[in-house]
Structures are given as structure tokens and as C-alpha cells.
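Listing of final.csv, CSV, C-alpha atoms
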```
chain,number,residue,atom,x,y,z
A,17,MET,CA,-5.8,-179.5,-103.4
A,18,LYS,CA,-2.0,-179.2,-103.6
A,19,PRO,CA,-0.2,-182.5,-102.9
A,20,VAL,CA,1.7,-183.3,-99.7
A,21,ALA,CA,5.4,-183.6,-100.5
A,22,ILE,CA,7.1,-186.8,-99.0
A,23,PHE,CA,10.9,-186.6,-98.7
A,24,GLN,CA,12.6,-189.9,-99.0
A,25,HIS,CA,16.3,-189.9,-97.8
A,26,THR,CA,17.3,-193.6,-98.3
A,27,GLU,CA,16.0,-196.8,-100.0
A,28,VAL,CA,15.2,-198.4,-96.6
A,29,GLY,CA,13.5,-195.2,-95.5
A,30,ALA,CA,10.8,-195.4,-98.2
A,31,PRO,CA,7.3,-194.0,-97.5
A,32,GLY,CA,5.9,-197.5,-97.1
A,33,ALA,CA,2.2,-197.3,-96.3
A,34,LEU,CA,2.0,-193.6,-96.0
A,35,PRO,CA,0.9,-192.7,-99.5
A,36,ALA,CA,-1.9,-195.2,-99.4
A,37,VAL,CA,-3.1,-193.9,-96.0
A,38,LEU,CA,-3.0,-190.3,-97.4
A,39,GLU,CA,-5.0,-191.5,-100.4
A,40,GLN,CA,-7.6,-193.0,-98.1
A,41,LEU,CA,-7.9,-189.7,-96.4
A,42,GLY,CA,-8.4,-187.9,-99.8
A,43,VAL,CA,-5.0,-186.3,-99.7
A,44,PRO,CA,-2.8,-186.4,-102.8
A,45,SER,CA,0.9,-186.8,-102.3
A,46,VAL,CA,4.1,-186.8,-104.3
A,47,VAL,CA,7.5,-188.4,-103.3
A,48,ILE,CA,10.6,-186.3,-103.6
A,49,PRO,CA,13.4,-188.9,-103.9
A,50,LEU,CA,16.5,-187.2,-102.4
A,51,VAL,CA,17.9,-190.8,-102.3
A,52,ASP,CA,18.1,-190.5,-106.1
A,53,GLY,CA,19.5,-187.0,-106.2
A,54,ALA,CA,16.3,-184.9,-106.3
A,55,PRO,CA,16.9,-181.4,-105.0
A,56,VAL,CA,15.2,-179.9,-101.9
A,57,PRO,CA,12.6,-177.4,-103.1
A,58,ALA,CA,13.4,-173.8,-102.5
A,59,SER,CA,9.9,-173.1,-101.3
A,60,PRO,CA,7.1,-175.1,-99.7
A,61,SER,CA,4.4,-173.1,-101.4
A,62,ALA,CA,3.6,-175.7,-104.1
A,63,TYR,CA,2.6,-178.2,-101.4
A,64,SER,CA,-0.3,-178.5,-98.9
A,65,GLY,CA,2.0,-180.2,-96.3
A,66,LEU,CA,5.5,-181.7,-96.0
A,67,VAL,CA,6.5,-185.1,-94.6
A,68,PHE,CA,10.1,-186.2,-93.9
A,69,MET,CA,10.9,-189.9,-93.7
A,70,GLY,CA,13.8,-191.7,-92.0
A,71,GLY,CA,17.4,-192.4,-92.8
A,72,TYR,CA,20.7,-193.6,-91.3
A,73,MET,CA,22.2,-190.1,-91.2
A,74,GLY,CA,21.9,-187.7,-88.3
A,75,VAL,CA,20.8,-184.1,-87.7
A,76,ASN,CA,24.2,-183.2,-86.4
A,77,ASP,CA,26.1,-184.5,-89.4
A,78,GLY,CA,26.3,-181.1,-91.1
A,79,LEU,CA,24.8,-182.3,-94.4
A,80,PRO,CA,24.1,-179.5,-96.9
A,81,TRP,CA,20.8,-181.0,-98.1
A,82,MET,CA,19.6,-181.4,-94.6
A,83,GLU,CA,20.4,-177.7,-93.9
A,84,GLN,CA,18.1,-176.9,-96.8
A,85,GLU,CA,15.4,-179.1,-95.3
A,86,PHE,CA,15.7,-177.1,-92.0
A,87,GLN,CA,15.2,-173.9,-94.0
A,88,LEU,CA,12.3,-175.4,-95.9
A,89,ILE,CA,10.6,-176.4,-92.7
A,90,ARG,CA,11.1,-173.0,-91.1
A,91,GLU,CA,9.5,-171.4,-94.2
A,92,ALA,CA,6.6,-173.8,-94.1
A,93,ASP,CA,6.1,-172.9,-90.4
A,94,ARG,CA,6.0,-169.2,-91.4
A,95,GLN,CA,3.5,-169.9,-94.1
A,96,GLY,CA,1.3,-172.1,-91.8
A,97,ILE,CA,2.0,-175.3,-93.8
A,98,PRO,CA,1.9,-178.5,-91.7
A,99,VAL,CA,5.0,-180.6,-91.4
A,100,ALA,CA,5.3,-184.2,-90.2
A,101,GLY,CA,8.3,-186.4,-89.6
A,102,HIS,CA,9.1,-190.1,-89.2
A,103,CYS,CA,12.2,-191.2,-87.2
A,104,LEU,CA,15.0,-189.1,-88.7
A,105,GLY,CA,12.2,-186.9,-90.1
A,106,SER,CA,10.9,-186.2,-86.5
A,107,GLN,CA,14.5,-185.2,-85.5
A,108,ILE,CA,14.8,-182.9,-88.5
A,109,LEU,CA,11.5,-181.3,-87.6
A,110,ALA,CA,12.4,-180.9,-84.0
A,111,HIS,CA,15.7,-179.3,-84.8
A,112,ALA,CA,14.3,-177.0,-87.4
A,113,LEU,CA,11.8,-175.7,-84.7
A,114,GLY,CA,14.6,-175.0,-82.2
A,115,ALA,CA,15.1,-178.3,-80.3
A,116,GLN,CA,18.3,-180.2,-79.6
A,117,VAL,CA,18.9,-183.7,-81.1
A,118,ARG,CA,21.3,-186.1,-79.3
A,119,ARG,CA,22.1,-189.7,-78.8
A,120,ASN,CA,19.4,-191.7,-77.0
A,121,PRO,CA,20.8,-193.7,-74.0
A,122,ARG,CA,19.8,-196.9,-75.9
A,123,ARG,CA,19.1,-197.8,-79.5
A,124,GLU,CA,15.5,-199.0,-80.1
A,125,ILE,CA,15.1,-201.6,-82.8
A,126,GLY,CA,12.1,-203.8,-83.7
A,127,TRP,CA,8.7,-204.0,-82.1
A,128,GLN,CA,8.4,-201.8,-78.9
A,129,ARG,CA,5.5,-200.2,-77.1
A,130,ILE,CA,4.8,-196.5,-76.9
A,131,LYS,CA,2.4,-195.2,-74.2
A,132,VAL,CA,-0.1,-192.5,-75.3
A,133,ALA,CA,-0.3,-189.6,-72.8
A,134,ALA,CA,-3.4,-189.7,-70.7
A,135,VAL,CA,-4.6,-186.3,-71.7
A,136,PRO,CA,-7.5,-185.2,-73.9
A,137,TYR,CA,-5.2,-183.6,-76.5
A,138,ALA,CA,-3.4,-186.9,-77.0
A,139,ALA,CA,-6.8,-188.7,-77.3
A,140,GLU,CA,-7.8,-186.2,-80.0
A,141,TRP,CA,-4.7,-187.0,-82.1
A,142,PHE,CA,-4.7,-190.8,-81.5
A,143,GLY,CA,-8.4,-191.2,-81.9
A,144,GLY,CA,-9.4,-192.0,-78.3
A,145,ASP,CA,-6.3,-194.1,-77.3
A,146,ALA,CA,-5.2,-191.8,-74.5
A,147,GLY,CA,-3.3,-193.8,-71.9
A,148,ALA,CA,-3.1,-196.8,-74.2
A,149,GLU,CA,0.1,-198.8,-75.0
A,150,ILE,CA,0.6,-199.3,-78.7
A,151,PRO,CA,3.1,-201.7,-80.4
A,152,VAL,CA,5.1,-199.8,-83.0
A,153,PHE,CA,8.2,-200.4,-85.1
A,154,GLN,CA,11.4,-198.7,-84.1
A,155,TRP,CA,14.9,-198.3,-85.5
A,156,HIS,CA,16.9,-195.4,-84.2
A,157,GLY,CA,19.8,-194.3,-82.0
A,158,ASP,CA,19.1,-190.6,-81.6
A,159,THR,CA,16.3,-188.7,-79.9
A,160,PHE,CA,14.9,-185.2,-80.0
A,161,GLU,CA,14.2,-182.7,-77.2
A,162,LEU,CA,10.8,-181.1,-77.5
A,163,PRO,CA,10.7,-177.8,-79.5
A,164,PRO,CA,9.5,-174.7,-77.6
A,165,GLY,CA,5.8,-174.9,-77.0
A,166,ALA,CA,5.4,-178.5,-78.3
A,167,VAL,CA,3.1,-181.0,-76.6
A,168,LEU,CA,4.3,-184.5,-75.9
A,169,LEU,CA,1.7,-187.1,-77.0
A,170,ALA,CA,3.5,-190.5,-76.5
A,171,SER,CA,6.6,-192.0,-74.8
A,172,SER,CA,8.4,-195.3,-74.5
A,173,ALA,CA,10.3,-196.8,-71.6
A,174,ASP,CA,13.6,-196.3,-73.3
A,175,CYS,CA,12.9,-193.1,-75.2
A,176,PRO,CA,10.6,-190.6,-73.4
A,177,HIS,CA,10.1,-188.4,-76.5
A,178,GLN,CA,8.2,-190.5,-79.1
A,179,VAL,CA,5.4,-188.3,-80.5
A,180,PHE,CA,4.9,-184.6,-80.3
A,181,VAL,CA,2.8,-181.8,-81.8
A,182,ALA,CA,3.9,-178.2,-82.3
A,183,ARG,CA,1.7,-175.3,-83.2
A,184,ASP,CA,-1.3,-177.7,-83.4
A,185,ARG,CA,-0.1,-178.7,-86.9
A,186,HIS,CA,3.4,-180.1,-86.9
A,187,LEU,CA,3.6,-183.8,-86.0
A,188,GLY,CA,6.9,-185.6,-85.0
A,189,MET,CA,6.9,-189.4,-84.7
A,190,GLN,CA,10.2,-191.0,-83.6
A,191,CYS,CA,8.7,-194.5,-84.4
A,192,HIS,CA,8.3,-195.9,-87.9
A,193,LEU,CA,4.5,-196.1,-88.3
A,194,GLU,CA,4.9,-196.4,-92.1
A,195,MET,CA,6.7,-199.7,-92.2
A,196,THR,CA,5.4,-202.5,-94.3
A,197,PRO,CA,6.3,-206.2,-94.1
A,198,ALA,CA,8.6,-205.8,-97.2
A,199,LEU,CA,10.3,-202.8,-95.6
A,200,ILE,CA,10.8,-204.6,-92.3
A,201,GLU,CA,12.4,-207.5,-94.2
A,202,LEU,CA,14.6,-205.1,-96.1
A,203,SER,CA,15.7,-203.4,-92.9
A,204,VAL,CA,16.7,-206.7,-91.3
A,205,GLU,CA,18.5,-207.8,-94.5
A,206,ARG,CA,20.5,-204.6,-94.8
A,207,ASN,CA,21.0,-203.7,-91.1
A,208,GLY,CA,20.4,-206.9,-89.1
A,209,HIS,CA,24.0,-206.7,-87.9
A,210,GLU,CA,22.9,-203.8,-85.7
A,211,ILE,CA,20.4,-206.1,-84.0
A,212,ASP,CA,23.1,-208.7,-83.4
A,213,ARG,CA,25.5,-206.2,-82.0
A,214,GLU,CA,22.9,-204.6,-79.6
A,215,LEU,CA,21.6,-208.0,-78.4
A,216,ALA,CA,25.2,-209.1,-77.7
A,217,ALA,CA,25.6,-206.0,-75.6
A,218,GLY,CA,22.4,-206.8,-73.6
A,219,ASN,CA,20.2,-204.0,-74.9
A,220,PRO,CA,16.6,-204.8,-73.8
A,221,ALA,CA,15.2,-202.2,-76.2
A,222,VAL,CA,16.1,-204.4,-79.2
A,223,SER,CA,14.0,-207.3,-80.6
A,224,SER,CA,15.7,-210.4,-82.1
A,225,ARG,CA,15.7,-210.8,-85.8
A,226,ALA,CA,12.9,-213.5,-85.5
A,227,GLU,CA,10.8,-211.3,-83.3
A,228,THR,CA,11.2,-208.3,-85.5
A,229,LEU,CA,10.0,-210.3,-88.5
A,230,ARG,CA,7.2,-212.2,-86.7
A,231,ASP,CA,3.6,-211.6,-87.7
A,232,ALA,CA,4.6,-208.5,-89.7
A,233,ASP,CA,1.4,-208.5,-91.7
A,234,ASN,CA,-1.0,-208.2,-88.8
A,235,ARG,CA,1.3,-206.0,-86.7
A,236,SER,CA,1.9,-203.6,-89.6
A,237,ALA,CA,-1.8,-203.4,-90.4
A,238,ALA,CA,-2.6,-202.4,-86.8
A,239,MET,CA,0.1,-199.8,-86.8
A,240,HIS,CA,-1.1,-198.3,-90.1
A,241,ALA,CA,-4.5,-197.8,-88.4
A,242,VAL,CA,-2.8,-195.7,-85.8
A,243,MET,CA,-1.0,-193.8,-88.4
A,244,LYS,CA,-4.2,-193.1,-90.2
A,245,ARG,CA,-5.8,-191.6,-87.1
A,246,LEU,CA,-2.8,-189.3,-86.6
A,247,TYR,CA,-2.8,-188.2,-90.2
A,248,GLN,CA,-6.5,-187.7,-90.2
A,249,ARG,CA,-6.0,-185.1,-87.5
A,250,TRP,CA,-2.9,-183.6,-89.1
A,251,SER,CA,-4.6,-183.3,-92.5
A,252,ARG,CA,-7.2,-180.8,-91.0
A,253,LYS,CA,-4.6,-178.0,-91.2
A,254,LEU,CA,-3.3,-178.7,-94.7
A,255,ALA,CA,-3.2,-175.8,-97.1
A,256,ARG,CA,-6.1,-175.9,-99.5
```

Go ahead and express the file in the form of C-alpha cells.
Amino acid sequence: MKPVAIFQHTEVGAPGALPAVLEQLGVPSVVIPLVDGAPVPASPSAYSGLVFMGGYMGVNDGLPWMEQEFQLIREADRQGIPVAGHCLGSQILAHALGAQVRRNPRREIGWQRIKVAAVPYAAEWFGGDAGAEIPVFQWHGDTFELPPGAVLLASSADCPHQVFVARDRHLGMQCHLEMTPALIELSVERNGHEIDRELAAGNPAVSSRAETLRDADNRSAAMHAVMKRLYQRWSRKLAR
């Protein structure tokens, strides 16, 4: 089986638990470290699927390498190759498929709950959790509109578009399901000033530093189980 290509944009935006989850599902993967200057491949044909991770940059920044990612995703869509995206990656995916990306009314940072849509299709992707509220890790300021024909699978109180599926094979996740305790610590160390600023402004969608770090081992493990169920469904459509 061809490997899944995982695109890493920043150090903090590492793949975290994702490669291990894919390995558990019998799916090989390779990380393409754009953070270290690796080029965006010209074609997706060497890979069974593509996954785009997070980053501090935005879809509307006009970055040349991101324009190359848009083209890569569109070519993968034409070839029937599944694409997934985490946080920035979900916005890149949505934009490549024709949706607008804009500022969310509030930044979401730390542990927040998403609500799975109470429909059978959402249950199929989340493994029977339709209608459930699931704690996930967030760190974002932008949000995506849904691409044409996409189905919304989960929402949050402060960001209605959290998880979507397009073409029954492309999976966009605004939340950071891949985060490990080490990555959470690194995020707070590098970007904790954002937490301080948002709390000072009275943003209710932001957890304190202490709450963001609390019980990270157990919270992350539970979140990884959710990610595994989503990727189990996603991996059905991988190019063989």
C-alpha cells in the first residue's frame, strides 16, 4: 500500500499521535516536513492519501507553498485520493474545495466540547457517537465555510463548523485531535501569551493555562480514540 503523506507546517503543528494511530489501522505514513523546507510534491499519485496539519499561518495569507497545497488537493480530488486536515489543514482543505475561510467571532483555545450531529452519517464516522459531546483540544482563530456538497458532522458553541466530510472521502477537522501531552506543553510554552490575552479580554472559549495542561495524559488518550474512529472510516477510501 502507498503511504499516506502527512504535511507538517510548523514545529508546534507536528503530527503528534496521528502516525501511531495510522499504524494501528495498518496504514503506512510519511511526514513531509515543510517546516524544514521540504517542497510540496507536484503530484499526489505516490500516496494513498494526504493529511495536512496545523500552523499559525492563514489560508488568506497568499503564501506560495500553500497555493501549491491547494493545487495538490484539487488534483487528489480529481484522482479520488482522500484528503484530511487538522485545524489549518481543515481550512486548507475547505478552501481548496471551494469554500471561504474567515475569522471566527472568537478564538478557541484549550479544551472545549464539540457536539456530534445527531444523524446516522455522523454516527458512521464517529463510531456511534451521534449527538454526543466530546472534549477536544482547540487552538485557532479562523473558521471555514462548508465546501459545496459537504456534510457537517460536528459543531461547537463558539465555532459551528468543526468537522465535515466532502465526497464521502475528504475529512476536515477544525480541532486538534492529534495533540499529545508534550505538544500541549509546547503550545502553552510558545503561545501561552495568546491565552493570557484572550482571558484578559473575557473570551469564554479559552481555557486557562492550568486547565489547558490539566490531566493531559487521560484527555489526550480519550481524544486519540475518537481520532482513530474517524480515520478508520477515512481509510476505507485510501488508494490501494

>> Between atom CA of A:Gln154 and atom CA of A:Ala166, what distance in Å does the model show, to one decimal?
In response: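 Taking atom CA of A:Gln154 as the start and atom CA of A:Ala166 as the end point, the length is 21.9 Å.
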
>> List as a list of chain:residue names the protein and nucleic acid residues near A:Val181, meaning an atom at most 8 Å away when only C-alpha atoms are counted, but skip any in the same chain fewer than 3 places from it.
In response: A:Ala166, A:Val167, A:Leu168, A:Leu169, A:Asp184, A:Arg185, A:His186, A:Leu187, A:Gly188

> Which one is closest to A:Ala238: A:Gly53, A:Pro151, A:Gly65, A:Gly208? Count all atoms listed in the file.
Replying inline: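 With all atoms listed in the file as the atom set, the closest residue is A:Pro151.
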
List as JSON lines every residue of stretch 112-228 of chain A that is in contact with stretch 31-51 of chain A, defined as an atom at most 8 Å from one of its atoms (using only C-alpha atoms), together with the nearest atom pair and the distance in Å rounded to one decimal, sorted by chain and then rising number.
```
{"residue": "A:Glu194", "atom": "CA", "partner": "A:Ala33", "partner_atom": "CA", "distance": 5.1}
{"residue": "A:Met195", "atom": "CA", "partner": "A:Gly32", "partner_atom": "CA", "distance": 5.4}
{"residue": "A:Thr196", "atom": "CA", "partner": "A:Gly32", "partner_atom": "CA", "distance": 5.8}
{"residue": "A:Leu199", "atom": "CA", "partner": "A:Gly32", "partner_atom": "CA", "distance": 7.0}
```

> For A:Arg119, which of A:Gly74, A:Gly157, A:Pro136, A:Pro80 is the closest residue, counting all atoms listed in the file?
Replying inline: A:Gly157

I'd like the neighbourhood of A:Gly96 as a PDB file with C-alpha atoms, keeping the file's coordinate frame, where a residue qualifies if any of its atoms comes within 10 Å (using only C-alpha atoms), though same-chain residues fewer than 3 positions away should be ignored.
```pdb
ATOM      1  CA  SER A  64      -0.300-178.500 -98.900  1.00  0.00           C
ATOM      2  CA  GLY A  65       2.000-180.200 -96.300  1.00  0.00           C
ATOM      3  CA  ARG A  90      11.100-173.000 -91.100  1.00  0.00           C
ATOM      4  CA  GLU A  91       9.500-171.400 -94.200  1.00  0.00           C
ATOM      5  CA  ALA A  92       6.600-173.800 -94.100  1.00  0.00           C
ATOM      6  CA  ASP A  93       6.100-172.900 -90.400  1.00  0.00           C
ATOM      7  CA  VAL A  99       5.000-180.600 -91.400  1.00  0.00           C
ATOM      8  CA  ARG A 183       1.700-175.300 -83.200  1.00  0.00           C
ATOM      9  CA  ARG A 185      -0.100-178.700 -86.900  1.00  0.00           C
ATOM     10  CA  HIS A 186       3.400-180.100 -86.900  1.00  0.00           C
ATOM     11  CA  LYS A 253      -4.600-178.000 -91.200  1.00  0.00           C
ATOM     12  CA  LEU A 254      -3.300-178.700 -94.700  1.00  0.00           C
ATOM     13  CA  ALA A 255      -3.200-175.800 -97.100  1.00  0.00           C
TER      14      ALA A 255
END
```

> Using all atoms listed in the file, which of A:Ser59, A:Ile150, A:Arg230, A:Ala182 sits nearest A:Gly165?
Replying inline: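 Going through A:Ser59, A:Ile150, A:Arg230, A:Ala182 one by one, the smallest distance to A:Gly165 is for A:Ala182.
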
>> From the options A:His177, A:Trp141, A:Cys103, A:Ile97, which residue's atoms come nearest to A:Ala115, counting all atoms listed in the file?
In response: A:His177

Counting all atoms listed in the file, what are the residues of stretch 21-128 of chain A within 8 Å of stretch 210-224 of chain A, and for each of them which pair of atoms is the nearest and at what distance in Å, to one decimal? Sort the table by chain and rising number, as a tab-separated table.
```
residue	atom	partner	partner_atom	distance
A:Arg122	CA	A:Ala221	CA	7.0
A:Arg123	CA	A:Ala221	CA	6.7
A:Glu124	CA	A:Ala221	CA	5.1
A:Ile125	CA	A:Val222	CA	4.7
A:Gly126	CA	A:Ser223	CA	5.0
A:Trp127	CA	A:Ser223	CA	6.4
A:Gln128	CA	A:Ala221	CA	7.3
```

>> For a cutoff of 6 Å around the file-coordinate point (7.2, -196.3, -83.2), which residues qualify once you count all atoms listed in the file? I'd like the result as a PyMOL selection string.
In response: chain A and resi 152-154+191-193

Keeping C-alpha atoms, export the residues of the selection given above as a PDB file, in the coordinates of the input.
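Contents of out_6.pdb, freshly written:
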```
ATOM      1  CA  VAL A 152       5.100-199.800 -83.000  1.00  0.00           C
ATOM      2  CA  PHE A 153       8.200-200.400 -85.100  1.00  0.00           C
ATOM      3  CA  GLN A 154      11.400-198.700 -84.100  1.00  0.00           C
ATOM      4  CA  CYS A 191       8.700-194.500 -84.400  1.00  0.00           C
ATOM      5  CA  HIS A 192       8.300-195.900 -87.900  1.00  0.00           C
ATOM      6  CA  LEU A 193       4.500-196.100 -88.300  1.00  0.00           C
TER       7      LEU A 193
END
```

> Expressed in Å to a single decimal, how great is the separation between atom CA of A:Ser61 and atom CA of A:Lys244?
Replying inline: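 Separation between atom CA of A:Ser61 and atom CA of A:Lys244: 24.5 Å.
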
Find the residues near A:Gln116: any atom within 9 Å, counting all atoms listed in the file, skip ones fewer than 2 places away on the same chain, and give them as a PDB file with C-alpha atoms, keeping the file's coordinate frame.
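part_33.pdb, written as the output of this step:
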```
ATOM      1  CA  GLN A 107      14.500-185.200 -85.500  1.00  0.00           C
ATOM      2  CA  ALA A 110      12.400-180.900 -84.000  1.00  0.00           C
ATOM      3  CA  HIS A 111      15.700-179.300 -84.800  1.00  0.00           C
ATOM      4  CA  GLY A 114      14.600-175.000 -82.200  1.00  0.00           C
ATOM      5  CA  ARG A 118      21.300-186.100 -79.300  1.00  0.00           C
ATOM      6  CA  THR A 159      16.300-188.700 -79.900  1.00  0.00           C
ATOM      7  CA  PHE A 160      14.900-185.200 -80.000  1.00  0.00           C
ATOM      8  CA  GLU A 161      14.200-182.700 -77.200  1.00  0.00           C
ATOM      9  CA  LEU A 162      10.800-181.100 -77.500  1.00  0.00           C
ATOM     10  CA  PRO A 163      10.700-177.800 -79.500  1.00  0.00           C
TER      11      PRO A 163
END
```

> How many Å lie between atom CA of A:Leu246 and atom CA of A:Glu140, rounded to one decimal?
Replying inline: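 Calculated distance between atom CA of A:Leu246 and atom CA of A:Glu140 is 8.8 Å.
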
>> Using only C-alpha atoms, can you tell me which of A:Pro98, A:Pro57, A:Pro197, A:Gly71 comes closest to A:Glu27?
In response: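 With only C-alpha atoms as the atom set, the closest residue is A:Gly71.
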
> Of the candidates A:Val28, A:Phe23, A:Val242, A:Leu66, which shows the shortest atom-to-atom distance to A:Ala148, using all atoms listed in the file?
Replying inline: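 Among the listed residues, A:Val242 lies closest to A:Ala148.
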
> Which neighbours of A:Glu83 fall inside 12 Å, counting all atoms listed in the file, when residues of the same chain fewer than 4 positions from it are skipped, and could you give them as an MDAnalysis selection string?
Replying inline: chainID A and resid 56 58 74:79 87:90 108:109 111:112

>> Residues within 6 Å of A:Val67, please, as a list in words. Count all atoms listed in the file; anything in the same chain fewer than 2 positions from it doesn't count.
In response: Ile22, Val99, Ala100 and Gly101 of chain A
